[in-house]
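Participant: Contents of data.txt (compact mmCIF, C-alpha atoms and all ligand atoms) are below:
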# COMPACT_ATOMS: atom_id res chain seq x y z
CA MET A 1 -18.21 15.63 44.10
CA LYS A 2 -17.43 13.43 47.08
CA PRO A 3 -19.97 12.98 49.89
CA ILE A 4 -19.70 15.65 52.58
CA GLU A 5 -20.55 15.24 56.27
CA ILE A 6 -22.73 18.28 56.97
CA ARG A 7 -23.49 17.32 60.60
CA PRO A 8 -22.23 14.44 62.72
CA ASN A 9 -23.32 11.30 60.82
CA VAL A 10 -25.42 13.34 58.40
CA TRP A 11 -24.03 13.25 54.85
CA TRP A 12 -24.75 15.21 51.71
CA VAL A 13 -24.73 12.59 48.95
CA GLY A 14 -26.01 14.81 46.15
CA ILE A 15 -25.42 14.81 42.41
CA ASN A 16 -24.87 17.66 39.97
CA ASP A 17 -26.85 17.57 36.75
CA ARG A 18 -24.88 19.24 33.95
CA VAL A 19 -26.62 17.19 31.27
CA THR A 20 -30.26 18.26 31.28
CA ASP A 21 -31.08 21.20 29.00
CA LEU A 22 -34.64 21.82 30.18
CA PHE A 23 -35.68 21.16 33.77
CA GLU A 24 -39.16 19.62 33.82
CA GLY A 25 -38.80 19.65 30.03
CA LEU A 26 -39.53 23.38 30.16
CA TRP A 27 -37.04 25.55 32.00
CA PRO A 28 -33.56 26.23 30.60
CA ILE A 29 -30.68 25.06 32.78
CA ARG A 30 -28.19 24.37 29.99
CA GLU A 31 -25.76 26.92 31.40
CA GLU A 32 -26.66 26.81 35.08
CA GLY A 33 -27.35 23.12 35.75
CA ILE A 34 -29.00 21.92 38.93
CA SER A 35 -28.17 19.68 41.86
CA TYR A 36 -30.24 16.83 43.25
CA ASN A 37 -29.30 16.91 46.91
CA SER A 38 -29.76 13.68 48.82
CA TYR A 39 -28.97 13.14 52.48
CA LEU A 40 -27.86 10.06 54.40
CA ILE A 41 -28.23 9.71 58.15
CA LYS A 42 -26.02 6.98 59.61
CA ASP A 43 -27.20 5.88 63.01
CA GLU A 44 -28.29 2.58 64.56
CA LYS A 45 -30.65 2.69 61.60
CA THR A 46 -29.78 4.35 58.31
CA ALA A 47 -32.08 6.64 56.37
CA LEU A 48 -31.83 8.32 52.99
CA ILE A 49 -33.79 11.52 52.41
CA ASP A 50 -34.66 12.20 48.75
CA LEU A 51 -32.66 10.63 45.94
CA SER A 52 -31.76 11.72 42.41
CA LYS A 53 -33.00 11.67 38.85
CA GLU A 54 -33.01 8.25 37.19
CA MET A 55 -30.50 9.04 34.44
CA LEU A 56 -27.87 9.86 37.08
CA SER A 57 -28.48 6.67 39.07
CA ASP A 58 -25.02 5.25 38.37
CA ASP A 59 -23.30 8.36 39.72
CA TYR A 60 -25.69 8.49 42.63
CA LEU A 61 -25.22 4.87 43.70
CA ALA A 62 -21.44 5.25 43.42
CA GLN A 63 -21.74 8.30 45.66
CA LEU A 64 -23.68 6.31 48.27
CA ALA A 65 -21.23 3.41 48.15
CA GLU A 66 -18.47 5.79 49.27
CA VAL A 67 -20.07 6.24 52.67
CA PHE A 68 -21.91 3.06 53.53
CA ASP A 69 -22.89 -0.45 52.53
CA ILE A 70 -26.04 0.20 50.50
CA SER A 71 -27.44 -3.25 51.27
CA THR A 72 -27.81 -2.25 54.92
CA LEU A 73 -30.11 0.71 54.20
CA ASP A 74 -33.15 0.73 56.49
CA TYR A 75 -35.31 3.63 55.29
CA VAL A 76 -35.92 5.75 52.21
CA ILE A 77 -37.71 9.00 53.04
CA ILE A 78 -39.74 10.39 50.12
CA ASN A 79 -40.30 14.06 50.86
CA HIS A 80 -41.59 14.54 47.32
CA MET A 81 -42.34 11.94 44.69
CA GLU A 82 -41.43 13.98 41.58
CA PRO A 83 -38.96 11.88 39.58
CA ASP A 84 -36.08 14.33 39.93
CA HIS A 85 -35.94 13.06 43.54
CA SER A 86 -37.28 9.53 43.21
CA GLY A 87 -36.01 8.39 39.80
CA ALA A 88 -33.12 6.42 41.30
CA LEU A 89 -35.41 4.48 43.63
CA THR A 90 -35.89 1.37 41.51
CA ARG A 91 -32.15 0.89 41.05
CA LEU A 92 -31.51 1.65 44.71
CA LEU A 93 -33.96 -1.00 45.86
CA GLU A 94 -32.18 -3.63 43.79
CA LEU A 95 -29.18 -3.04 46.05
CA ALA A 96 -31.14 -2.38 49.26
CA PRO A 97 -34.04 -4.86 49.14
CA LYS A 98 -34.82 -4.53 52.86
CA ALA A 99 -35.24 -0.77 52.81
CA GLN A 100 -38.65 0.52 53.83
CA ILE A 101 -40.09 3.46 51.90
CA LEU A 102 -41.77 6.18 53.93
CA GLY A 103 -43.87 9.05 52.62
CA MET A 104 -47.18 10.79 52.98
CA PRO A 105 -50.17 8.69 51.77
CA LYS A 106 -50.33 10.48 48.42
CA ALA A 107 -46.61 9.88 47.88
CA ILE A 108 -47.03 6.17 48.50
CA ALA A 109 -49.94 6.07 46.03
CA MET A 110 -47.79 7.85 43.45
CA LEU A 111 -44.99 5.32 43.91
CA ALA A 112 -47.42 2.67 42.71
CA ASP A 113 -48.51 4.84 39.78
CA PHE A 114 -45.02 5.86 38.66
CA TYR A 115 -42.90 2.80 39.54
CA GLY A 116 -45.34 -0.02 40.32
CA LEU A 117 -43.96 -0.07 43.86
CA THR A 118 -46.48 -1.36 46.38
CA GLU A 119 -44.50 -3.35 48.94
CA ASN A 120 -42.51 -2.37 51.99
CA THR A 121 -44.03 1.07 52.15
CA GLU A 122 -45.42 3.06 55.07
CA ARG A 123 -47.93 5.89 54.92
CA LEU A 124 -46.87 8.61 57.33
CA LYS A 125 -49.07 10.89 59.38
CA ASN A 126 -48.41 14.59 59.76
CA GLY A 127 -46.07 15.11 62.72
CA GLN A 128 -45.09 11.43 62.97
CA GLU A 129 -41.56 10.75 64.21
CA LEU A 130 -39.04 8.01 63.44
CA ASN A 131 -36.25 7.17 65.86
CA LEU A 132 -32.98 6.11 64.24
CA GLY A 133 -30.93 5.85 67.46
CA ALA A 134 -29.35 9.15 68.48
CA ASN A 135 -31.35 10.95 65.81
CA THR A 136 -35.07 11.46 65.36
CA LEU A 137 -36.82 12.40 62.14
CA ARG A 138 -40.07 14.34 62.25
CA PHE A 139 -42.28 14.42 59.15
CA VAL A 140 -44.39 17.50 58.53
CA TYR A 141 -46.99 17.49 55.76
CA THR A 142 -46.54 20.55 53.55
CA PRO A 143 -48.83 19.90 50.57
CA PHE A 144 -48.15 21.73 47.31
CA VAL A 145 -44.59 22.69 47.97
CA HIS A 146 -44.55 21.55 45.19
CA TRP A 147 -46.95 18.59 44.57
CA PRO A 148 -49.86 17.52 46.79
CA GLU A 149 -47.87 14.76 48.51
CA THR A 150 -44.97 16.97 49.58
CA MET A 151 -43.64 16.90 53.13
CA MET A 152 -40.60 18.33 54.88
CA THR A 153 -38.40 16.31 57.24
CA TYR A 154 -36.87 17.79 60.38
CA LEU A 155 -33.91 16.23 62.17
CA VAL A 156 -34.89 17.01 65.73
CA GLU A 157 -31.66 16.70 67.74
CA GLN A 158 -29.46 18.43 65.15
CA LYS A 159 -32.03 21.06 64.12
CA VAL A 160 -31.71 20.40 60.40
CA LEU A 161 -34.61 20.98 58.01
CA PHE A 162 -34.83 18.97 54.78
CA PRO A 163 -37.49 20.90 52.80
CA CYS A 164 -36.93 19.27 49.38
CA ASP A 165 -38.14 21.73 46.68
CA GLY A 166 -38.82 24.40 49.30
CA TYR A 167 -35.92 26.91 49.55
CA GLY A 168 -34.34 25.30 46.49
CA GLY A 169 -32.60 26.90 43.54
CA TYR A 170 -31.09 26.21 40.14
CA GLY A 171 -27.33 25.98 39.76
CA THR A 172 -24.89 23.13 40.21
CA LEU A 173 -22.81 23.04 43.38
CA ASP A 174 -19.38 23.78 41.99
CA GLY A 175 -17.11 22.33 44.63
CA ALA A 176 -18.80 24.12 47.52
CA ILE A 177 -22.22 23.30 48.93
CA TYR A 178 -22.83 26.00 51.57
CA ASP A 179 -24.04 29.59 51.50
CA ASP A 180 -20.82 30.67 53.22
CA THR A 181 -18.42 28.78 50.93
CA CYS A 182 -19.94 29.21 47.46
CA ALA A 183 -18.14 31.47 45.01
CA ASP A 184 -21.01 33.85 44.29
CA LEU A 185 -23.93 33.96 46.71
CA ASP A 186 -25.73 36.69 44.69
CA TRP A 187 -25.79 34.39 41.66
CA TYR A 188 -27.27 31.52 43.69
CA GLU A 189 -29.89 33.85 45.18
CA ALA A 190 -30.84 35.03 41.68
CA GLU A 191 -31.09 31.41 40.54
CA SER A 192 -33.18 30.61 43.62
CA LEU A 193 -35.60 33.36 42.58
CA ARG A 194 -35.73 32.05 39.00
CA TYR A 195 -36.37 28.54 40.34
CA PHE A 196 -39.03 29.88 42.72
CA THR A 197 -40.89 31.75 39.99
CA ASN A 198 -40.62 28.85 37.52
CA ILE A 199 -41.49 25.98 39.85
CA VAL A 200 -43.01 27.07 43.14
CA ALA A 201 -44.59 30.53 42.75
CA ALA A 202 -47.97 29.21 41.65
CA PHE A 203 -48.12 27.51 45.07
CA SER A 204 -47.10 30.57 47.10
CA LYS A 205 -49.98 30.22 49.52
CA SER A 206 -48.81 26.70 50.33
CA VAL A 207 -45.22 27.94 50.82
CA LEU A 208 -46.43 30.49 53.37
CA ALA A 209 -48.45 27.78 55.14
CA ALA A 210 -45.33 25.60 55.27
CA ILE A 211 -43.22 28.44 56.67
CA ASP A 212 -45.85 28.96 59.37
CA LYS A 213 -45.75 25.28 60.33
CA PHE A 214 -42.10 25.72 61.33
CA ALA A 215 -42.51 29.15 62.95
CA ASP A 216 -41.74 27.76 66.42
CA THR A 217 -39.07 25.30 65.30
CA GLN A 218 -35.39 26.08 65.73
CA ILE A 219 -33.61 25.57 62.41
CA GLU A 220 -29.80 25.71 62.30
CA LEU A 221 -29.34 24.24 58.83
CA VAL A 222 -31.64 24.40 55.81
CA ALA A 223 -30.76 21.52 53.50
CA PRO A 224 -32.98 21.60 50.39
CA SER A 225 -32.88 19.06 47.60
CA HIS A 226 -31.78 21.62 44.96
CA GLY A 227 -29.05 24.21 45.36
CA LEU A 228 -27.12 25.51 48.32
CA ILE A 229 -27.25 24.29 51.90
CA TRP A 230 -27.86 27.32 54.13
CA ARG A 231 -25.50 27.00 57.09
CA LYS A 232 -24.26 30.47 57.99
CA ASN A 233 -27.60 32.18 57.54
CA PRO A 234 -30.43 29.64 57.31
CA GLY A 235 -33.00 32.37 57.97
CA ARG A 236 -31.96 34.21 54.80
CA ILE A 237 -33.46 31.76 52.29
CA VAL A 238 -36.58 31.31 54.41
CA GLU A 239 -37.13 35.08 54.44
CA LEU A 240 -36.50 35.35 50.71
CA TYR A 241 -39.06 32.61 50.05
CA ARG A 242 -41.50 34.30 52.42
CA ARG A 243 -41.07 37.67 50.68
CA TRP A 244 -41.42 36.21 47.19
CA SER A 245 -44.44 34.14 48.22
CA GLU A 246 -46.21 37.16 49.67
CA TYR A 247 -46.20 38.80 46.23
CA TYR A 248 -48.94 36.39 45.17
CA ASN A 249 -51.25 38.55 47.21
CA SER A 250 -49.58 41.99 47.30
CA PRO A 251 -48.18 44.59 44.87
CA ALA A 252 -44.48 43.55 45.08
CA GLU A 253 -41.56 45.94 44.55
CA GLU A 254 -41.27 49.26 42.74
CA GLY A 255 -40.31 48.68 39.14
CA ILE A 256 -41.68 47.82 35.73
CA THR A 257 -41.15 44.81 33.50
CA ALA A 258 -41.42 45.96 29.90
CA LEU A 259 -42.29 43.07 27.57
CA PHE A 260 -42.02 43.72 23.89
CA GLY A 261 -42.28 42.01 20.57
CA THR A 262 -42.22 43.68 17.18
CA MET A 263 -42.45 42.74 13.51
CA TYR A 264 -41.33 45.88 11.63
CA ARG A 265 -40.25 48.05 14.60
CA ASN A 266 -43.39 50.19 14.68
CA THR A 267 -44.33 48.88 18.12
CA GLU A 268 -40.70 49.25 19.16
CA HIS A 269 -40.76 53.00 18.37
CA ALA A 270 -43.83 53.43 20.55
CA LEU A 271 -42.15 51.36 23.28
CA SER A 272 -39.14 53.70 23.20
CA ALA A 273 -41.40 56.69 23.79
CA ALA A 274 -43.15 54.90 26.68
CA LEU A 275 -39.76 54.13 28.22
CA GLU A 276 -38.92 57.84 28.10
CA GLY A 277 -42.09 58.51 30.07
CA ILE A 278 -41.22 55.85 32.65
CA ALA A 279 -37.66 57.15 32.99
CA SER A 280 -38.92 60.70 33.55
CA GLU A 281 -40.66 59.39 36.69
CA GLY A 282 -37.53 57.63 37.97
CA VAL A 283 -39.07 54.15 38.15
CA PRO A 284 -36.70 51.24 37.35
CA VAL A 285 -37.61 49.34 34.19
CA THR A 286 -36.17 46.25 32.52
CA VAL A 287 -36.97 45.52 28.88
CA TYR A 288 -37.39 41.95 27.65
CA ASP A 289 -37.71 41.04 23.98
CA VAL A 290 -40.13 38.13 24.17
CA ARG A 291 -38.91 36.88 20.79
CA LYS A 292 -35.47 36.24 22.23
CA THR A 293 -35.71 35.71 25.98
CA ASN A 294 -37.11 32.50 27.41
CA VAL A 295 -39.96 33.17 29.83
CA SER A 296 -37.98 31.40 32.55
CA TYR A 297 -35.69 34.46 32.69
CA ILE A 298 -38.58 36.95 32.50
CA LEU A 299 -40.64 35.52 35.35
CA PRO A 300 -38.34 36.74 38.18
CA ASP A 301 -38.88 40.40 37.26
CA LEU A 302 -42.49 39.87 36.32
CA TRP A 303 -43.14 38.35 39.73
CA THR A 304 -41.20 40.81 41.87
CA ARG A 305 -42.07 44.13 40.13
CA ARG A 306 -45.48 45.66 40.43
CA GLY A 307 -45.65 47.24 36.96
CA VAL A 308 -45.99 45.57 33.54
CA LEU A 309 -45.80 47.23 30.15
CA VAL A 310 -46.88 45.05 27.25
CA ALA A 311 -45.81 46.31 23.83
CA ALA A 312 -46.75 43.97 21.00
CA PRO A 313 -48.45 44.12 17.61
CA THR A 314 -51.49 42.35 16.30
CA TYR A 315 -50.73 39.20 14.35
CA GLU A 316 -53.52 37.63 12.29
CA GLY A 317 -56.15 39.41 14.34
CA GLN A 318 -54.71 38.28 17.66
CA MET A 319 -51.85 38.97 20.06
CA PHE A 320 -48.31 38.57 18.68
CA PRO A 321 -47.63 34.84 19.35
CA ALA A 322 -44.45 35.14 21.43
CA MET A 323 -46.17 37.71 23.67
CA MET A 324 -49.23 35.50 24.01
CA ASP A 325 -46.99 32.68 25.25
CA VAL A 326 -45.49 34.91 27.95
CA LEU A 327 -48.86 36.27 29.06
CA MET A 328 -50.38 32.81 29.23
CA MET A 329 -47.47 31.62 31.34
CA ALA A 330 -47.96 34.66 33.60
CA ASP A 331 -51.59 33.63 34.00
CA ARG A 332 -50.61 30.03 34.71
CA LYS A 333 -48.09 31.18 37.33
CA ARG A 334 -50.73 33.47 38.89
CA VAL A 335 -48.85 36.73 38.35
CA LYS A 336 -51.33 39.11 39.94
CA HIS A 337 -51.56 42.55 41.54
CA LYS A 338 -49.92 44.46 38.71
CA GLN A 339 -50.32 47.95 37.36
CA ALA A 340 -50.33 47.38 33.61
CA ALA A 341 -50.38 49.15 30.25
CA TYR A 342 -50.52 48.05 26.63
CA LEU A 343 -49.55 49.57 23.29
CA GLY A 344 -49.08 48.04 19.86
CA SER A 345 -49.38 48.43 16.11
CA TYR A 346 -51.80 46.78 13.72
CA ALA A 347 -52.12 46.79 9.95
CA TRP A 348 -55.80 46.49 9.02
CA SER A 349 -57.66 45.16 12.04
CA GLY A 350 -56.76 45.17 15.71
CA GLY A 351 -56.93 42.16 17.97
CA ALA A 352 -53.87 42.27 20.25
CA LYS A 353 -55.36 44.92 22.51
CA ALA A 354 -58.55 42.90 22.97
CA ALA A 355 -56.47 39.84 23.85
CA PHE A 356 -54.46 41.91 26.35
CA ASP A 357 -57.62 43.36 27.90
CA GLU A 358 -59.06 39.88 28.33
CA LEU A 359 -55.95 38.39 29.91
CA ALA A 360 -55.32 41.43 32.11
CA ALA A 361 -58.89 41.19 33.43
CA LYS A 362 -58.44 37.47 34.07
CA MET A 363 -55.25 38.10 36.06
CA GLY A 364 -56.74 41.04 37.96
CA TRP A 365 -54.21 43.54 36.57
CA GLN A 366 -55.13 47.23 36.91
CA VAL A 367 -54.87 48.61 33.36
CA VAL A 368 -53.89 52.28 33.59
CA ASN A 369 -53.80 52.86 29.82
CA ALA A 370 -54.01 50.75 26.66
CA PHE A 371 -54.11 51.80 23.05
CA ASP A 372 -53.28 50.50 19.61
CA PHE A 373 -52.48 52.36 16.42
CA ILE A 374 -52.47 51.61 12.71
CA GLY A 375 -49.08 51.33 11.04
CA ARG A 376 -46.41 53.70 12.36
CA PRO A 377 -46.93 55.59 15.58
CA GLN A 378 -47.13 59.13 14.22
CA THR A 379 -46.18 62.10 16.38
CA LEU A 380 -49.49 61.91 18.15
CA GLY A 381 -48.97 58.21 18.85
CA LEU A 382 -45.51 58.77 20.26
CA ASP A 383 -46.88 61.50 22.54
CA ARG A 384 -49.59 59.10 23.70
CA ALA A 385 -46.97 56.41 24.34
CA ARG A 386 -44.83 58.82 26.35
CA GLU A 387 -47.85 59.79 28.43
CA LEU A 388 -48.74 56.10 28.89
CA GLY A 389 -45.26 55.54 30.33
CA VAL A 390 -45.70 58.43 32.76
CA GLN A 391 -49.11 57.16 33.85
CA LEU A 392 -47.86 53.62 34.38
CA ALA A 393 -44.85 54.79 36.40
CA ARG A 394 -47.03 57.00 38.59
CA ALA A 395 -49.48 54.16 39.15
CA VAL A 396 -46.61 51.89 40.20
CA LYS A 397 -45.37 54.49 42.69
CA SER A 398 -48.80 55.14 44.10
CA ALA A 399 -49.62 51.39 44.43
CA GLY A 400 -46.47 51.13 46.56
CA GLN A 401 -47.59 53.97 48.79
CA ARG A 402 -50.96 52.32 49.26
CA SER A 403 -49.36 49.00 50.19
CA ASP A 404 -46.77 50.67 52.44
CA GLY A 405 -49.51 52.57 54.19
FE1 LIG B 1 -37.48 18.99 42.64
FE2 LIG B 1 -40.88 19.24 42.43
O1 LIG B 1 -39.21 18.39 42.21
Write out the structure in this file as structure tokens.

Facilitator:
Amino acid sequence: MKPIEIRPNVWWVGINDRVTDLFEGLWPIREEGISYNSYLIKDEKTALIDLSKEMLSDDYLAQLAEVFDISTLDYVIINHMEPDHSGALTRLLELAPKAQILGMPKAIAMLADFYGLTENTERLKNGQELNLGANTLRFVYTPFVHWPETMMTYLVEQKVLFPCDGYGGYGTLDGAIYDDTCADLDWYEAESLRYFTNIVAAFSKSVLAAIDKFADTQIELVAPSHGLIWRKNPGRIVELYRRWSEYYNSPAEEGITALFGTMYRNTEHALSAALEGIASEGVPVTVYDVRKTNVSYILPDLWTRRGVLVAAPTYEGQMFPAMMDVLMMADRKRVKHKQAAYLGSYAWSGGAKAAFDELAAKMGWQVVNAFDFIGRPQTLGLDRARELGVQLARAVKSAGQRSDG
């Protein structure tokens, strides 16, 4: 895509990444892609805010050359040192040797660690401003949105916020870069939630602190470094991020995420009975087969629904491996405040239930019922599973009433 002037003398010079299969080496974006949004401010002095991933440096530098003479660049603003935003820096500096690199002290230290860059850098203070001519940049330290060095940059006169990973989302920008011109805003919002749960959710407390730091600041444009630029309704993405972040410390929305894995369908039969129980209470439920669905696509429901049903057998005396992977990721991402239940089959010794109990206790989940059974779930087992579903659904509804009240 060509550069786009998003405000007078403020240019989007971003790059779409349709090549990477796994973002951070972990999260699938083969179908969705991602954008690395970079911004150029052309004034008496020129400044670039965030760059792109190294492997797309050629495209990125060609993009920059469309709008200005790179050799005249005065400042590079490092909101966040992670290489998806700083990877092009070494190549850029070959063309712009006079450019000064600005970032929070930890970002400057990381530049030395990651790129061996130690010269022509400036360590910023929280709240420090930089005058470019008609435009002023203000740098606000927002640690752990997403790494400890992260800051957000505010363009004072034009009321534009550059929050880097904050308010970002997966998904390439397919010819349109704004919330009011994209083809399918619902899709981008869903991909923003997936990105949030994959990348940022573990730092929810820091996101809320960052939102508070801008509570009294007028923001007319939210220009993150991944995904859409929010022009028509900049408050929308801020409120979504606020709501999602608050779930780190509250029971989230009514609904149940049913996670299941099965070897010979015995656990699946018990799951089906539990789903009947849930349905009889009218609580929404989504079923994920952990053998087939990457955890990246499970985390959005797991994070935003206050009920979890885990249905998985014992494997070699322990939790079914694919389920263990999902539960350990839930623990890593700090998925808390859940009403939870477990059921599963075993052949000669249990083990999965004990693993579930241990992890549920670690995550602070309220376990409303958990049982295992040997072999097939006989009639009695199916009745127990149905009752477990009813109990879980009722617990989810009543946890909502407590939080509403
Ligand atoms: Fe987009 Fe945390 O890097």

Participant: Would you name the residues within 9 Å of ligand LIG 1 (chain B), counting all atoms listed in the file, and put them as JSON, numbers by chain?

Facilitator: {"A": [24, 36, 80, 81, 82, 83, 84, 85, 145, 146, 147, 150, 164, 165, 166, 168, 199, 200, 225, 226]}

Participant: Near A:Tyr75, counting only C-alpha atoms, which residues have an atom at most 12 Å away, once you skip same-chain residues fewer than 5 positions from it, shown as a VMD selection string?

Facilitator: chain A and resid 39 to 51 70 89 92 to 93 96 to 103 120 to 122 130 to 132 137

Participant: Which one of A:Lys159, A:Arg242, A:Lys232, A:Arg265 sits closest to A:Gln218 if you count only C-alpha atoms?

Facilitator: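 Result for the nearest residue to A:Gln218: A:Lys159.
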
Participant: For a test of reading the model, state the distance in Å between atom CA of A:Thr267 and atom CA of A:Ala354, rounded to one decimal.

Facilitator: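 Interatomic distance here is 16.2 Å.
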
Participant: Give the answer as one residue: which of A:Gly381, A:Gly307, A:Gly171, A:Gly261 has the shortest atom-to-atom distance to A:Tyr288, using all atoms listed in the file?

Facilitator: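 Result for the nearest residue to A:Tyr288: A:Gly261.
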
Participant: Could you check the closest approach to A:Phe139 for each of A:Gly14, A:Pro313, A:Gly127, A:Gly33 and tell me which residue wins, using all atoms listed in the file?

Facilitator: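 Comparing A:Gly14, A:Pro313, A:Gly127, A:Gly33 against A:Phe139, the winner is A:Gly127.
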
Participant: Neighbours of stretch 327-332 of chain A within 12 Å (all atoms listed in the file; same-chain residues fewer than 2 positions away dropped), as a PDB file with C-alpha atoms, in the frame of the given file?

Facilitator:
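Final output, saved to part37.pdb:
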ATOM      1  CA  LEU A  26     -39.530  23.380  30.160  1.00  0.00           C
ATOM      2  CA  THR A 197     -40.890  31.750  39.990  1.00  0.00           C
ATOM      3  CA  ASN A 198     -40.620  28.850  37.520  1.00  0.00           C
ATOM      4  CA  ILE A 199     -41.490  25.980  39.850  1.00  0.00           C
ATOM      5  CA  VAL A 200     -43.010  27.070  43.140  1.00  0.00           C
ATOM      6  CA  ALA A 201     -44.590  30.530  42.750  1.00  0.00           C
ATOM      7  CA  ALA A 202     -47.970  29.210  41.650  1.00  0.00           C
ATOM      8  CA  PHE A 203     -48.120  27.510  45.070  1.00  0.00           C
ATOM      9  CA  TYR A 248     -48.940  36.390  45.170  1.00  0.00           C
ATOM     10  CA  LEU A 259     -42.290  43.070  27.570  1.00  0.00           C
ATOM     11  CA  PHE A 260     -42.020  43.720  23.890  1.00  0.00           C
ATOM     12  CA  VAL A 290     -40.130  38.130  24.170  1.00  0.00           C
ATOM     13  CA  ASN A 294     -37.110  32.500  27.410  1.00  0.00           C
ATOM     14  CA  VAL A 295     -39.960  33.170  29.830  1.00  0.00           C
ATOM     15  CA  SER A 296     -37.980  31.400  32.550  1.00  0.00           C
ATOM     16  CA  ILE A 298     -38.580  36.950  32.500  1.00  0.00           C
ATOM     17  CA  LEU A 299     -40.640  35.520  35.350  1.00  0.00           C
ATOM     18  CA  PRO A 300     -38.340  36.740  38.180  1.00  0.00           C
ATOM     19  CA  ASP A 301     -38.880  40.400  37.260  1.00  0.00           C
ATOM     20  CA  LEU A 302     -42.490  39.870  36.320  1.00  0.00           C
ATOM     21  CA  TRP A 303     -43.140  38.350  39.730  1.00  0.00           C
ATOM     22  CA  VAL A 308     -45.990  45.570  33.540  1.00  0.00           C
ATOM     23  CA  LEU A 309     -45.800  47.230  30.150  1.00  0.00           C
ATOM     24  CA  VAL A 310     -46.880  45.050  27.250  1.00  0.00           C
ATOM     25  CA  ALA A 311     -45.810  46.310  23.830  1.00  0.00           C
ATOM     26  CA  ALA A 312     -46.750  43.970  21.000  1.00  0.00           C
ATOM     27  CA  MET A 319     -51.850  38.970  20.060  1.00  0.00           C
ATOM     28  CA  PHE A 320     -48.310  38.570  18.680  1.00  0.00           C
ATOM     29  CA  PRO A 321     -47.630  34.840  19.350  1.00  0.00           C
ATOM     30  CA  ALA A 322     -44.450  35.140  21.430  1.00  0.00           C
ATOM     31  CA  MET A 323     -46.170  37.710  23.670  1.00  0.00           C
ATOM     32  CA  MET A 324     -49.230  35.500  24.010  1.00  0.00           C
ATOM     33  CA  ASP A 325     -46.990  32.680  25.250  1.00  0.00           C
ATOM     34  CA  ARG A 334     -50.730  33.470  38.890  1.00  0.00           C
ATOM     35  CA  VAL A 335     -48.850  36.730  38.350  1.00  0.00           C
ATOM     36  CA  LYS A 336     -51.330  39.110  39.940  1.00  0.00           C
ATOM     37  CA  HIS A 337     -51.560  42.550  41.540  1.00  0.00           C
ATOM     38  CA  LYS A 338     -49.920  44.460  38.710  1.00  0.00           C
ATOM     39  CA  ALA A 352     -53.870  42.270  20.250  1.00  0.00           C
ATOM     40  CA  ALA A 355     -56.470  39.840  23.850  1.00  0.00           C
ATOM     41  CA  PHE A 356     -54.460  41.910  26.350  1.00  0.00           C
ATOM     42  CA  ASP A 357     -57.620  43.360  27.900  1.00  0.00           C
ATOM     43  CA  GLU A 358     -59.060  39.880  28.330  1.00  0.00           C
ATOM     44  CA  LEU A 359     -55.950  38.390  29.910  1.00  0.00           C
ATOM     45  CA  ALA A 360     -55.320  41.430  32.110  1.00  0.00           C
ATOM     46  CA  ALA A 361     -58.890  41.190  33.430  1.00  0.00           C
ATOM     47  CA  LYS A 362     -58.440  37.470  34.070  1.00  0.00           C
ATOM     48  CA  MET A 363     -55.250  38.100  36.060  1.00  0.00           C
ATOM     49  CA  GLY A 364     -56.740  41.040  37.960  1.00  0.00           C
ATOM     50  CA  TRP A 365     -54.210  43.540  36.570  1.00  0.00           C
TER      51      TRP A 365
END

Participant: Select, from A:Gly133, A:Gly400, A:Gly235, A:Gly350, the residue with the minimum atom-to-atom distance to A:Phe214, counting all atoms listed in the file.

Facilitator: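 Ranking A:Gly133, A:Gly400, A:Gly235, A:Gly350 by distance to A:Phe214, first place goes to A:Gly235.
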
Participant: For a test of reading the model, state the distance in Å between atom CA of A:Thr217 and atom CA of A:Val156, rounded to one decimal.

Facilitator: 9.3 Å

Participant: Which one is closest to A:Val207: A:Gly227, A:Tyr247, A:Asn233, A:Asp179? Count all atoms listed in the file.

Facilitator: A:Tyr247

Participant: Do a neighbour search on A:Ala385 at 10 Å with only C-alpha atoms, toss out local chain neighbours closer than 2 positions, and write the hits as a list in words.

Facilitator: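 Contacts, in chain order: His269, Ala270, Leu271, Ser272, Ala273, Ala274, Leu275, Glu276, Gly277, Ala341, Tyr342, Leu343, Gly344, Asn369, Ala370, Phe371, Asp372, Pro377, Thr379, Leu380, Gly381, Leu382, Asp383, Glu387, Leu388, Gly389, Val390 and Gln391 of chain A.
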
Participant: Given all atoms listed in the file as the basis, pick out the residue of A:Gly255, A:Gly175, A:Pro148, A:Pro3 nearest to A:Asn79.

Facilitator: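 Between A:Gly255, A:Gly175, A:Pro148, A:Pro3, the residue approaching A:Asn79 most closely is A:Pro148.
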
Participant: Give as a list in words every residue, naming chains and numbers as the document does, that has an atom within 7 Å of (-30.1, 21.2, 63.5), counting all atoms listed in the file.

Facilitator: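 Using all atoms listed in the file, the matching residues come out as Leu155, Val156, Glu157, Gln158, Lys159, Val160, Ile219, Glu220 and Leu221 of chain A.
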
Participant: Go ahead and save the picked residues with C-alpha atoms, as a PDB file, in the frame of the given file.

Facilitator:
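See selection_8.pdb below for the written result:
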ATOM      1  CA  LEU A 155     -33.910  16.230  62.170  1.00  0.00           C
ATOM      2  CA  VAL A 156     -34.890  17.010  65.730  1.00  0.00           C
ATOM      3  CA  GLU A 157     -31.660  16.700  67.740  1.00  0.00           C
ATOM      4  CA  GLN A 158     -29.460  18.430  65.150  1.00  0.00           C
ATOM      5  CA  LYS A 159     -32.030  21.060  64.120  1.00  0.00           C
ATOM      6  CA  VAL A 160     -31.710  20.400  60.400  1.00  0.00           C
ATOM      7  CA  ILE A 219     -33.610  25.570  62.410  1.00  0.00           C
ATOM      8  CA  GLU A 220     -29.800  25.710  62.300  1.00  0.00           C
ATOM      9  CA  LEU A 221     -29.340  24.240  58.830  1.00  0.00           C
TER      10      LEU A 221
END
